[in-house]
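The structure file structure_11.cif is reproduced below (mmCIF, N, CA and C atoms).
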data_coords
#
loop_
_atom_site.label_atom_id
_atom_site.label_comp_id
_atom_site.auth_asym_id
_atom_site.auth_seq_id
_atom_site.Cartn_x
_atom_site.Cartn_y
_atom_site.Cartn_z
N MET B 15 -41.68 26.36 61.15
CA MET B 15 -42.42 27.46 61.72
C MET B 15 -42.42 27.38 63.25
N MET B 16 -42.53 26.20 63.80
CA MET B 16 -42.52 26.03 65.25
C MET B 16 -41.18 26.48 65.84
N ARG B 17 -40.10 26.10 65.18
CA ARG B 17 -38.77 26.47 65.68
C ARG B 17 -38.59 27.99 65.67
N GLU B 18 -39.03 28.63 64.59
CA GLU B 18 -38.91 30.09 64.49
C GLU B 18 -39.75 30.77 65.59
N THR B 19 -40.91 30.25 65.87
CA THR B 19 -41.76 30.82 66.93
C THR B 19 -41.10 30.67 68.29
N LEU B 20 -40.52 29.51 68.54
CA LEU B 20 -39.82 29.30 69.81
C LEU B 20 -38.61 30.24 69.93
N GLU B 21 -37.88 30.42 68.84
CA GLU B 21 -36.74 31.34 68.84
C GLU B 21 -37.20 32.77 69.12
N PHE B 22 -38.33 33.14 68.53
CA PHE B 22 -38.89 34.48 68.74
C PHE B 22 -39.14 34.74 70.23
N PHE B 23 -39.81 33.81 70.88
CA PHE B 23 -40.10 33.99 72.30
C PHE B 23 -38.84 33.91 73.15
N LYS B 24 -37.92 33.08 72.74
CA LYS B 24 -36.65 32.97 73.47
C LYS B 24 -35.90 34.30 73.39
N LEU B 25 -35.86 34.91 72.21
CA LEU B 25 -35.17 36.18 72.05
C LEU B 25 -35.81 37.29 72.89
N LEU B 26 -37.13 37.28 72.96
CA LEU B 26 -37.82 38.32 73.71
C LEU B 26 -37.73 38.13 75.22
N SER B 27 -37.23 36.98 75.66
CA SER B 27 -37.11 36.75 77.10
C SER B 27 -35.94 37.53 77.70
N ASP B 28 -35.09 38.10 76.85
CA ASP B 28 -33.98 38.92 77.31
C ASP B 28 -34.45 40.37 77.41
N GLU B 29 -34.19 41.02 78.54
CA GLU B 29 -34.67 42.38 78.78
C GLU B 29 -34.19 43.38 77.74
N THR B 30 -32.93 43.33 77.38
CA THR B 30 -32.40 44.28 76.39
C THR B 30 -33.07 44.10 75.05
N ARG B 31 -33.16 42.86 74.59
CA ARG B 31 -33.80 42.61 73.28
C ARG B 31 -35.27 43.02 73.32
N PHE B 32 -35.94 42.74 74.43
CA PHE B 32 -37.35 43.11 74.56
C PHE B 32 -37.52 44.64 74.47
N ARG B 33 -36.68 45.37 75.19
CA ARG B 33 -36.76 46.83 75.15
C ARG B 33 -36.46 47.37 73.76
N VAL B 34 -35.47 46.79 73.09
CA VAL B 34 -35.13 47.21 71.73
C VAL B 34 -36.32 47.01 70.80
N VAL B 35 -36.93 45.85 70.87
CA VAL B 35 -38.07 45.55 69.98
C VAL B 35 -39.23 46.50 70.26
N MET B 36 -39.50 46.78 71.52
CA MET B 36 -40.60 47.69 71.86
C MET B 36 -40.34 49.09 71.29
N LEU B 37 -39.10 49.54 71.30
CA LEU B 37 -38.77 50.83 70.71
C LEU B 37 -38.89 50.80 69.19
N LEU B 38 -38.42 49.71 68.59
CA LEU B 38 -38.49 49.61 67.13
C LEU B 38 -39.93 49.47 66.63
N MET B 39 -40.82 49.07 67.50
CA MET B 39 -42.24 49.05 67.13
C MET B 39 -42.76 50.48 66.95
N GLU B 40 -42.09 51.43 67.57
CA GLU B 40 -42.48 52.84 67.45
C GLU B 40 -41.95 53.47 66.16
N GLU B 41 -40.65 53.22 65.89
CA GLU B 41 -40.03 53.81 64.70
C GLU B 41 -38.65 53.22 64.45
N GLU B 42 -38.15 53.46 63.25
CA GLU B 42 -36.78 53.06 62.89
C GLU B 42 -35.82 53.89 63.73
N LEU B 43 -34.76 53.23 64.24
CA LEU B 43 -33.81 53.93 65.09
C LEU B 43 -32.38 53.53 64.76
N ALA B 44 -31.48 54.47 64.95
CA ALA B 44 -30.05 54.19 64.79
C ALA B 44 -29.54 53.55 66.07
N VAL B 45 -28.44 52.83 65.95
CA VAL B 45 -27.84 52.19 67.11
C VAL B 45 -27.54 53.23 68.19
N CYS B 46 -27.00 54.37 67.78
CA CYS B 46 -26.65 55.41 68.77
C CYS B 46 -27.89 55.91 69.50
N GLU B 47 -29.03 55.97 68.81
CA GLU B 47 -30.27 56.39 69.47
C GLU B 47 -30.71 55.35 70.50
N LEU B 48 -30.63 54.09 70.12
CA LEU B 48 -31.00 53.02 71.06
C LEU B 48 -30.09 53.04 72.29
N VAL B 49 -28.80 53.25 72.06
CA VAL B 49 -27.85 53.32 73.18
C VAL B 49 -28.24 54.46 74.12
N GLY B 50 -28.61 55.60 73.56
CA GLY B 50 -29.00 56.75 74.37
C GLY B 50 -30.28 56.51 75.15
N ILE B 51 -31.26 55.93 74.52
CA ILE B 51 -32.54 55.68 75.19
C ILE B 51 -32.38 54.62 76.28
N LEU B 52 -31.74 53.53 75.93
CA LEU B 52 -31.63 52.41 76.86
C LEU B 52 -30.58 52.63 77.94
N ASP B 53 -29.68 53.58 77.70
CA ASP B 53 -28.59 53.87 78.62
C ASP B 53 -27.77 52.60 78.89
N LEU B 54 -27.42 51.94 77.79
CA LEU B 54 -26.63 50.71 77.84
C LEU B 54 -25.42 50.87 76.95
N PRO B 55 -24.37 50.08 77.18
CA PRO B 55 -23.18 50.15 76.31
C PRO B 55 -23.51 49.74 74.87
N GLN B 56 -22.86 50.40 73.93
CA GLN B 56 -23.10 50.12 72.52
C GLN B 56 -22.89 48.65 72.15
N PRO B 57 -21.85 47.97 72.66
CA PRO B 57 -21.68 46.56 72.30
C PRO B 57 -22.87 45.68 72.74
N LYS B 58 -23.44 45.98 73.88
CA LYS B 58 -24.59 45.20 74.36
C LYS B 58 -25.81 45.40 73.46
N VAL B 59 -26.05 46.64 73.06
CA VAL B 59 -27.17 46.94 72.17
C VAL B 59 -26.93 46.30 70.80
N SER B 60 -25.71 46.41 70.29
CA SER B 60 -25.40 45.83 68.98
C SER B 60 -25.54 44.31 68.99
N LYS B 61 -25.15 43.67 70.08
CA LYS B 61 -25.29 42.22 70.19
C LYS B 61 -26.77 41.83 70.19
N ALA B 62 -27.59 42.58 70.91
CA ALA B 62 -29.03 42.32 70.93
C ALA B 62 -29.61 42.47 69.53
N LEU B 63 -29.21 43.52 68.84
CA LEU B 63 -29.71 43.76 67.48
C LEU B 63 -29.27 42.65 66.52
N ALA B 64 -28.05 42.17 66.68
CA ALA B 64 -27.56 41.10 65.81
C ALA B 64 -28.40 39.84 65.97
N LYS B 65 -28.76 39.51 67.19
CA LYS B 65 -29.58 38.31 67.41
C LYS B 65 -30.97 38.50 66.82
N LEU B 66 -31.54 39.69 66.95
CA LEU B 66 -32.85 39.97 66.38
C LEU B 66 -32.79 39.94 64.85
N ARG B 67 -31.69 40.44 64.31
CA ARG B 67 -31.50 40.43 62.85
C ARG B 67 -31.33 39.00 62.34
N ASP B 68 -30.59 38.18 63.09
CA ASP B 68 -30.37 36.79 62.68
C ASP B 68 -31.69 36.02 62.55
N LEU B 69 -32.64 36.33 63.41
CA LEU B 69 -33.96 35.70 63.32
C LEU B 69 -34.78 36.30 62.17
N GLY B 70 -34.36 37.46 61.69
CA GLY B 70 -35.10 38.12 60.62
C GLY B 70 -36.18 39.04 61.14
N LEU B 71 -36.20 39.27 62.45
CA LEU B 71 -37.22 40.12 63.04
C LEU B 71 -36.95 41.60 62.78
N VAL B 72 -35.67 41.96 62.69
CA VAL B 72 -35.34 43.35 62.37
C VAL B 72 -34.48 43.42 61.11
N LEU B 73 -34.58 44.54 60.45
CA LEU B 73 -33.78 44.82 59.25
C LEU B 73 -32.81 45.94 59.59
N ASP B 74 -31.67 45.94 58.93
CA ASP B 74 -30.72 47.02 59.13
C ASP B 74 -30.44 47.71 57.80
N GLN B 75 -30.13 49.00 57.89
CA GLN B 75 -29.83 49.78 56.70
C GLN B 75 -28.87 50.89 57.09
N ARG B 76 -27.79 50.99 56.34
CA ARG B 76 -26.82 52.06 56.60
C ARG B 76 -27.28 53.33 55.90
N LYS B 77 -27.27 54.42 56.67
CA LYS B 77 -27.56 55.75 56.13
C LYS B 77 -26.45 56.66 56.64
N GLU B 78 -25.63 57.12 55.70
CA GLU B 78 -24.45 57.91 56.07
C GLU B 78 -23.56 57.08 56.99
N LYS B 79 -23.23 57.62 58.15
CA LYS B 79 -22.35 56.88 59.05
C LYS B 79 -23.13 56.10 60.11
N TYR B 80 -24.45 56.09 60.04
CA TYR B 80 -25.28 55.44 61.05
C TYR B 80 -25.95 54.18 60.49
N MET B 81 -26.08 53.17 61.35
CA MET B 81 -26.81 51.96 61.01
C MET B 81 -28.18 52.06 61.66
N TYR B 82 -29.22 51.96 60.85
CA TYR B 82 -30.59 52.06 61.34
C TYR B 82 -31.26 50.68 61.34
N TYR B 83 -32.11 50.47 62.32
CA TYR B 83 -32.82 49.21 62.46
C TYR B 83 -34.31 49.47 62.48
N SER B 84 -35.05 48.51 61.93
CA SER B 84 -36.51 48.59 61.92
C SER B 84 -37.07 47.17 62.00
N ILE B 85 -38.33 47.08 62.37
CA ILE B 85 -39.01 45.79 62.41
C ILE B 85 -39.25 45.34 60.97
N ASN B 86 -38.99 44.09 60.69
CA ASN B 86 -39.19 43.52 59.36
C ASN B 86 -40.70 43.38 59.10
N PRO B 87 -41.25 44.14 58.15
CA PRO B 87 -42.69 44.09 57.90
C PRO B 87 -43.18 42.73 57.39
N GLU B 88 -42.27 41.90 56.90
CA GLU B 88 -42.66 40.58 56.41
C GLU B 88 -42.95 39.58 57.53
N LYS B 89 -42.59 39.93 58.76
CA LYS B 89 -42.84 39.05 59.92
C LYS B 89 -44.19 39.39 60.54
N GLU B 90 -45.24 39.29 59.73
CA GLU B 90 -46.58 39.73 60.13
C GLU B 90 -47.09 39.06 61.39
N ARG B 91 -46.90 37.75 61.52
CA ARG B 91 -47.46 37.09 62.70
C ARG B 91 -46.75 37.53 63.96
N PHE B 92 -45.46 37.81 63.87
CA PHE B 92 -44.73 38.30 65.03
C PHE B 92 -45.12 39.75 65.34
N ILE B 93 -45.36 40.52 64.30
CA ILE B 93 -45.78 41.92 64.50
C ILE B 93 -47.11 41.97 65.23
N ARG B 94 -48.03 41.07 64.89
CA ARG B 94 -49.31 41.01 65.60
C ARG B 94 -49.09 40.74 67.08
N ILE B 95 -48.22 39.80 67.38
CA ILE B 95 -47.91 39.47 68.78
C ILE B 95 -47.27 40.68 69.47
N LEU B 96 -46.34 41.33 68.77
CA LEU B 96 -45.65 42.48 69.35
C LEU B 96 -46.59 43.65 69.61
N LYS B 97 -47.53 43.88 68.70
CA LYS B 97 -48.51 44.96 68.90
C LYS B 97 -49.36 44.69 70.13
N GLU B 98 -49.81 43.46 70.27
CA GLU B 98 -50.60 43.08 71.45
C GLU B 98 -49.77 43.24 72.72
N THR B 99 -48.53 42.79 72.66
CA THR B 99 -47.63 42.88 73.81
C THR B 99 -47.37 44.33 74.17
N LYS B 100 -47.11 45.16 73.17
CA LYS B 100 -46.84 46.59 73.41
C LYS B 100 -48.02 47.24 74.10
N GLY B 101 -49.21 46.88 73.69
CA GLY B 101 -50.41 47.46 74.31
C GLY B 101 -50.59 47.06 75.76
N THR B 102 -50.18 45.85 76.09
CA THR B 102 -50.37 45.39 77.47
C THR B 102 -49.22 45.73 78.39
N CYS B 103 -48.06 46.06 77.84
CA CYS B 103 -46.91 46.32 78.72
C CYS B 103 -46.46 47.76 78.70
N SER B 104 -47.24 48.65 78.12
CA SER B 104 -46.82 50.05 78.05
C SER B 104 -46.75 50.69 79.43
N ASN B 105 -47.34 50.06 80.43
CA ASN B 105 -47.26 50.58 81.80
C ASN B 105 -46.00 50.12 82.52
N LEU B 106 -45.29 49.14 81.99
CA LEU B 106 -44.08 48.68 82.64
C LEU B 106 -43.09 49.83 82.74
N CYS B 107 -42.48 49.97 83.88
CA CYS B 107 -41.62 51.13 84.14
C CYS B 107 -40.58 51.36 83.05
N LEU B 108 -39.77 50.36 82.74
CA LEU B 108 -38.69 50.56 81.76
C LEU B 108 -39.23 50.85 80.37
N VAL B 109 -40.25 50.12 79.95
CA VAL B 109 -40.81 50.34 78.61
C VAL B 109 -41.42 51.74 78.53
N ALA B 110 -42.12 52.15 79.58
CA ALA B 110 -42.72 53.49 79.60
C ALA B 110 -41.64 54.57 79.57
N GLU B 111 -40.57 54.38 80.36
CA GLU B 111 -39.47 55.34 80.37
C GLU B 111 -38.78 55.41 79.01
N ASP B 112 -38.56 54.24 78.39
CA ASP B 112 -37.93 54.20 77.07
C ASP B 112 -38.77 54.96 76.06
N THR B 113 -40.07 54.72 76.06
CA THR B 113 -40.97 55.37 75.11
C THR B 113 -40.99 56.88 75.33
N LYS B 114 -40.97 57.30 76.58
CA LYS B 114 -40.94 58.74 76.90
C LYS B 114 -39.67 59.38 76.35
N LYS B 115 -38.53 58.74 76.56
CA LYS B 115 -37.26 59.25 76.03
C LYS B 115 -37.30 59.34 74.51
N LEU B 116 -37.88 58.33 73.88
CA LEU B 116 -37.97 58.31 72.43
C LEU B 116 -38.78 59.50 71.93
N LYS B 117 -39.91 59.74 72.56
CA LYS B 117 -40.78 60.83 72.12
C LYS B 117 -40.17 62.21 72.38
N GLU B 118 -39.40 62.33 73.46
CA GLU B 118 -38.79 63.62 73.79
C GLU B 118 -37.56 63.91 72.93
N LYS B 119 -36.93 62.88 72.42
CA LYS B 119 -35.73 63.00 71.58
C LYS B 119 -34.56 63.67 72.29
N SER B 120 -34.62 63.78 73.61
CA SER B 120 -33.56 64.47 74.35
C SER B 120 -32.25 63.69 74.35
N TYR B 121 -32.32 62.39 74.23
CA TYR B 121 -31.13 61.54 74.27
C TYR B 121 -30.25 61.73 73.05
N THR B 122 -30.81 62.12 71.92
CA THR B 122 -30.07 62.14 70.66
C THR B 122 -29.04 63.26 70.60
N LEU B 123 -29.27 64.32 71.31
CA LEU B 123 -28.32 65.44 71.24
C LEU B 123 -26.93 65.00 71.67
N ILE B 124 -26.86 64.10 72.62
CA ILE B 124 -25.57 63.62 73.11
C ILE B 124 -25.12 62.39 72.34
N CYS B 125 -25.99 61.43 72.17
CA CYS B 125 -25.60 60.11 71.68
C CYS B 125 -25.31 60.04 70.18
N CYS B 126 -25.97 60.85 69.40
CA CYS B 126 -25.81 60.74 67.95
C CYS B 126 -25.22 61.99 67.33
N ASP B 127 -24.60 62.83 68.14
CA ASP B 127 -23.96 64.01 67.59
C ASP B 127 -24.95 64.84 66.80
N ILE B 128 -26.09 65.17 67.42
CA ILE B 128 -27.13 65.95 66.76
C ILE B 128 -27.12 67.36 67.33
N ASP B 129 -27.20 68.34 66.44
CA ASP B 129 -27.22 69.71 66.95
C ASP B 129 -28.65 70.09 67.35
N LYS B 130 -28.81 71.29 67.85
CA LYS B 130 -30.11 71.71 68.38
C LYS B 130 -31.17 71.86 67.28
N ASN B 131 -30.76 71.87 66.03
CA ASN B 131 -31.71 71.95 64.91
C ASN B 131 -32.12 70.57 64.43
N GLY B 132 -31.64 69.53 65.09
CA GLY B 132 -32.00 68.18 64.70
C GLY B 132 -31.16 67.61 63.58
N VAL B 133 -30.03 68.26 63.26
CA VAL B 133 -29.17 67.80 62.18
C VAL B 133 -28.01 66.99 62.76
N LYS B 134 -27.81 65.79 62.22
CA LYS B 134 -26.72 64.94 62.68
C LYS B 134 -25.40 65.46 62.14
N GLY B 135 -24.36 65.24 62.94
CA GLY B 135 -23.02 65.65 62.53
C GLY B 135 -22.62 65.03 61.21
N ASP B 136 -21.84 65.74 60.42
CA ASP B 136 -21.33 65.27 59.11
C ASP B 136 -22.43 65.22 58.05
N GLU B 137 -23.57 65.85 58.28
CA GLU B 137 -24.61 65.83 57.23
C GLU B 137 -24.59 67.13 56.49
#

Could the structure of this file be written out as structure tokens, please?
Amino acid sequence: MMRETLEFFKLLSDETRFRVVMLLMEEELAVCELVGILDLPQPKVSKALAKLRDLGLVLDQRKEKYMYYSINPEKERFIRILKETKGTCSNLCLVAEDTKKLKEKSYTLICCDIDKNGVKGDE
């Protein structure tokens, strides 16, 4: 348990992984959505997600042609820490900007091939 806790904090010390986790605390997201919100290259986002998945902090699920990620509900003690952290860091510039983009959904029209009716391409 101690090793897993240390790994958890080590993973969150990376800005990309931290931003990804803060967004996933809001809702399940596809890789393309995360790329659009974070304005980072897809390989960098995917690498961050892989490390979070390896720890078991996030789960992945394929839906159609998209891979979606969510916080693993079984990691209750980490979720408690993340909720507390989210509450105290919501004023941080990048986290606040990321959350605003998520709520506006403006990034998805370009990044995930979504039309103006909210329908993803090939659906």

To verify the selection step, state as a list in words which residues the PyMOL selection byres ((chain B and resi 52) around 8) yields on this input.
->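 Checked against the file, the PyMOL selection byres ((chain B and resi 52) around 8) matches Arg33, Val34, Cys46, Glu47, Leu48, Val49, Gly50, Ile51, Asp53, Leu54, Pro55, Glu111, Asp112 and Lys115 of chain B.
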
Find the distance between atom N of Ser27 of chain B and atom C of Gln56 of chain B and write it in Å to one decimal.
-> 18.8 Å

Leu37 of chain B surroundings by only C-alpha atoms, 9 Å radius, close-in-sequence under 2 positions cut, as a compact mmCIF listing (two decimals) with N, CA and C atoms, in the coordinates of the input:
# COMPACT_ATOMS: atom_id res chain seq x y z
N PHE B 32 -35.94 42.74 74.43
CA PHE B 32 -37.35 43.11 74.56
C PHE B 32 -37.52 44.64 74.47
N ARG B 33 -36.68 45.37 75.19
CA ARG B 33 -36.76 46.83 75.15
C ARG B 33 -36.46 47.37 73.76
N VAL B 34 -35.47 46.79 73.09
CA VAL B 34 -35.13 47.21 71.73
C VAL B 34 -36.32 47.01 70.80
N VAL B 35 -36.93 45.85 70.87
CA VAL B 35 -38.07 45.55 69.98
C VAL B 35 -39.23 46.50 70.26
N MET B 39 -40.82 49.07 67.50
CA MET B 39 -42.24 49.05 67.13
C MET B 39 -42.76 50.48 66.95
N GLU B 40 -42.09 51.43 67.57
CA GLU B 40 -42.48 52.84 67.45
C GLU B 40 -41.95 53.47 66.16
N GLU B 41 -40.65 53.22 65.89
CA GLU B 41 -40.03 53.81 64.70
C GLU B 41 -38.65 53.22 64.45
N GLU B 42 -38.15 53.46 63.25
CA GLU B 42 -36.78 53.06 62.89
C GLU B 42 -35.82 53.89 63.73
N LEU B 43 -34.76 53.23 64.24
CA LEU B 43 -33.81 53.93 65.09
C LEU B 43 -32.38 53.53 64.76
N LEU B 48 -30.63 54.09 70.12
CA LEU B 48 -31.00 53.02 71.06
C LEU B 48 -30.09 53.04 72.29
N VAL B 109 -40.25 50.12 79.95
CA VAL B 109 -40.81 50.34 78.61
C VAL B 109 -41.42 51.74 78.53
N ASP B 112 -38.56 54.24 78.39
CA ASP B 112 -37.93 54.20 77.07
C ASP B 112 -38.77 54.96 76.06
N THR B 113 -40.07 54.72 76.06
CA THR B 113 -40.97 55.37 75.11
C THR B 113 -40.99 56.88 75.33
N LEU B 116 -37.88 58.33 73.88
CA LEU B 116 -37.97 58.31 72.43
C LEU B 116 -38.78 59.50 71.93

Where does the PyMOL selection byres ((chain B and resi 75-88) around 6) land in this file, that is, which residues does it pick, as a VMD selection string?
-> chain B and resid 38 41 to 45 70 to 74 89 to 91

Would you mind exporting N, CA and C atoms of the selected residues as a PDB file, in the coordinates of the input?
ATOM      1  N   LEU B  38     -38.420  49.710  68.590  1.00  0.00           N
ATOM      2  CA  LEU B  38     -38.490  49.610  67.130  1.00  0.00           C
ATOM      3  C   LEU B  38     -39.930  49.470  66.630  1.00  0.00           C
ATOM      4  N   GLU B  41     -40.650  53.220  65.890  1.00  0.00           N
ATOM      5  CA  GLU B  41     -40.030  53.810  64.700  1.00  0.00           C
ATOM      6  C   GLU B  41     -38.650  53.220  64.450  1.00  0.00           C
ATOM      7  N   GLU B  42     -38.150  53.460  63.250  1.00  0.00           N
ATOM      8  CA  GLU B  42     -36.780  53.060  62.890  1.00  0.00           C
ATOM      9  C   GLU B  42     -35.820  53.890  63.730  1.00  0.00           C
ATOM     10  N   LEU B  43     -34.760  53.230  64.240  1.00  0.00           N
ATOM     11  CA  LEU B  43     -33.810  53.930  65.090  1.00  0.00           C
ATOM     12  C   LEU B  43     -32.380  53.530  64.760  1.00  0.00           C
ATOM     13  N   ALA B  44     -31.480  54.470  64.950  1.00  0.00           N
ATOM     14  CA  ALA B  44     -30.050  54.190  64.790  1.00  0.00           C
ATOM     15  C   ALA B  44     -29.540  53.550  66.070  1.00  0.00           C
ATOM     16  N   VAL B  45     -28.440  52.830  65.950  1.00  0.00           N
ATOM     17  CA  VAL B  45     -27.840  52.190  67.110  1.00  0.00           C
ATOM     18  C   VAL B  45     -27.540  53.230  68.190  1.00  0.00           C
ATOM     19  N   GLY B  70     -34.360  37.460  61.690  1.00  0.00           N
ATOM     20  CA  GLY B  70     -35.100  38.120  60.620  1.00  0.00           C
ATOM     21  C   GLY B  70     -36.180  39.040  61.140  1.00  0.00           C
ATOM     22  N   LEU B  71     -36.200  39.270  62.450  1.00  0.00           N
ATOM     23  CA  LEU B  71     -37.220  40.120  63.040  1.00  0.00           C
ATOM     24  C   LEU B  71     -36.950  41.600  62.780  1.00  0.00           C
ATOM     25  N   VAL B  72     -35.670  41.960  62.690  1.00  0.00           N
ATOM     26  CA  VAL B  72     -35.340  43.350  62.370  1.00  0.00           C
ATOM     27  C   VAL B  72     -34.480  43.420  61.110  1.00  0.00           C
ATOM     28  N   LEU B  73     -34.580  44.540  60.450  1.00  0.00           N
ATOM     29  CA  LEU B  73     -33.780  44.820  59.250  1.00  0.00           C
ATOM     30  C   LEU B  73     -32.810  45.940  59.590  1.00  0.00           C
ATOM     31  N   ASP B  74     -31.670  45.940  58.930  1.00  0.00           N
ATOM     32  CA  ASP B  74     -30.720  47.020  59.130  1.00  0.00           C
ATOM     33  C   ASP B  74     -30.440  47.710  57.800  1.00  0.00           C
ATOM     34  N   LYS B  89     -42.590  39.930  58.760  1.00  0.00           N
ATOM     35  CA  LYS B  89     -42.840  39.050  59.920  1.00  0.00           C
ATOM     36  C   LYS B  89     -44.190  39.390  60.540  1.00  0.00           C
ATOM     37  N   GLU B  90     -45.240  39.290  59.730  1.00  0.00           N
ATOM     38  CA  GLU B  90     -46.580  39.730  60.130  1.00  0.00           C
ATOM     39  C   GLU B  90     -47.090  39.060  61.390  1.00  0.00           C
ATOM     40  N   ARG B  91     -46.900  37.750  61.520  1.00  0.00           N
ATOM     41  CA  ARG B  91     -47.460  37.090  62.700  1.00  0.00           C
ATOM     42  C   ARG B  91     -46.750  37.530  63.960  1.00  0.00           C
TER      43      ARG B  91
END

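In this structure, atom CA of Lys100 of chain B sits 7.3 Å away from atom C of Met36 of chain B.
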
By how many Å are atom C of Thr102 of chain B and atom CA of Pro57 of chain B apart?
->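 The value is 28.2 Å.
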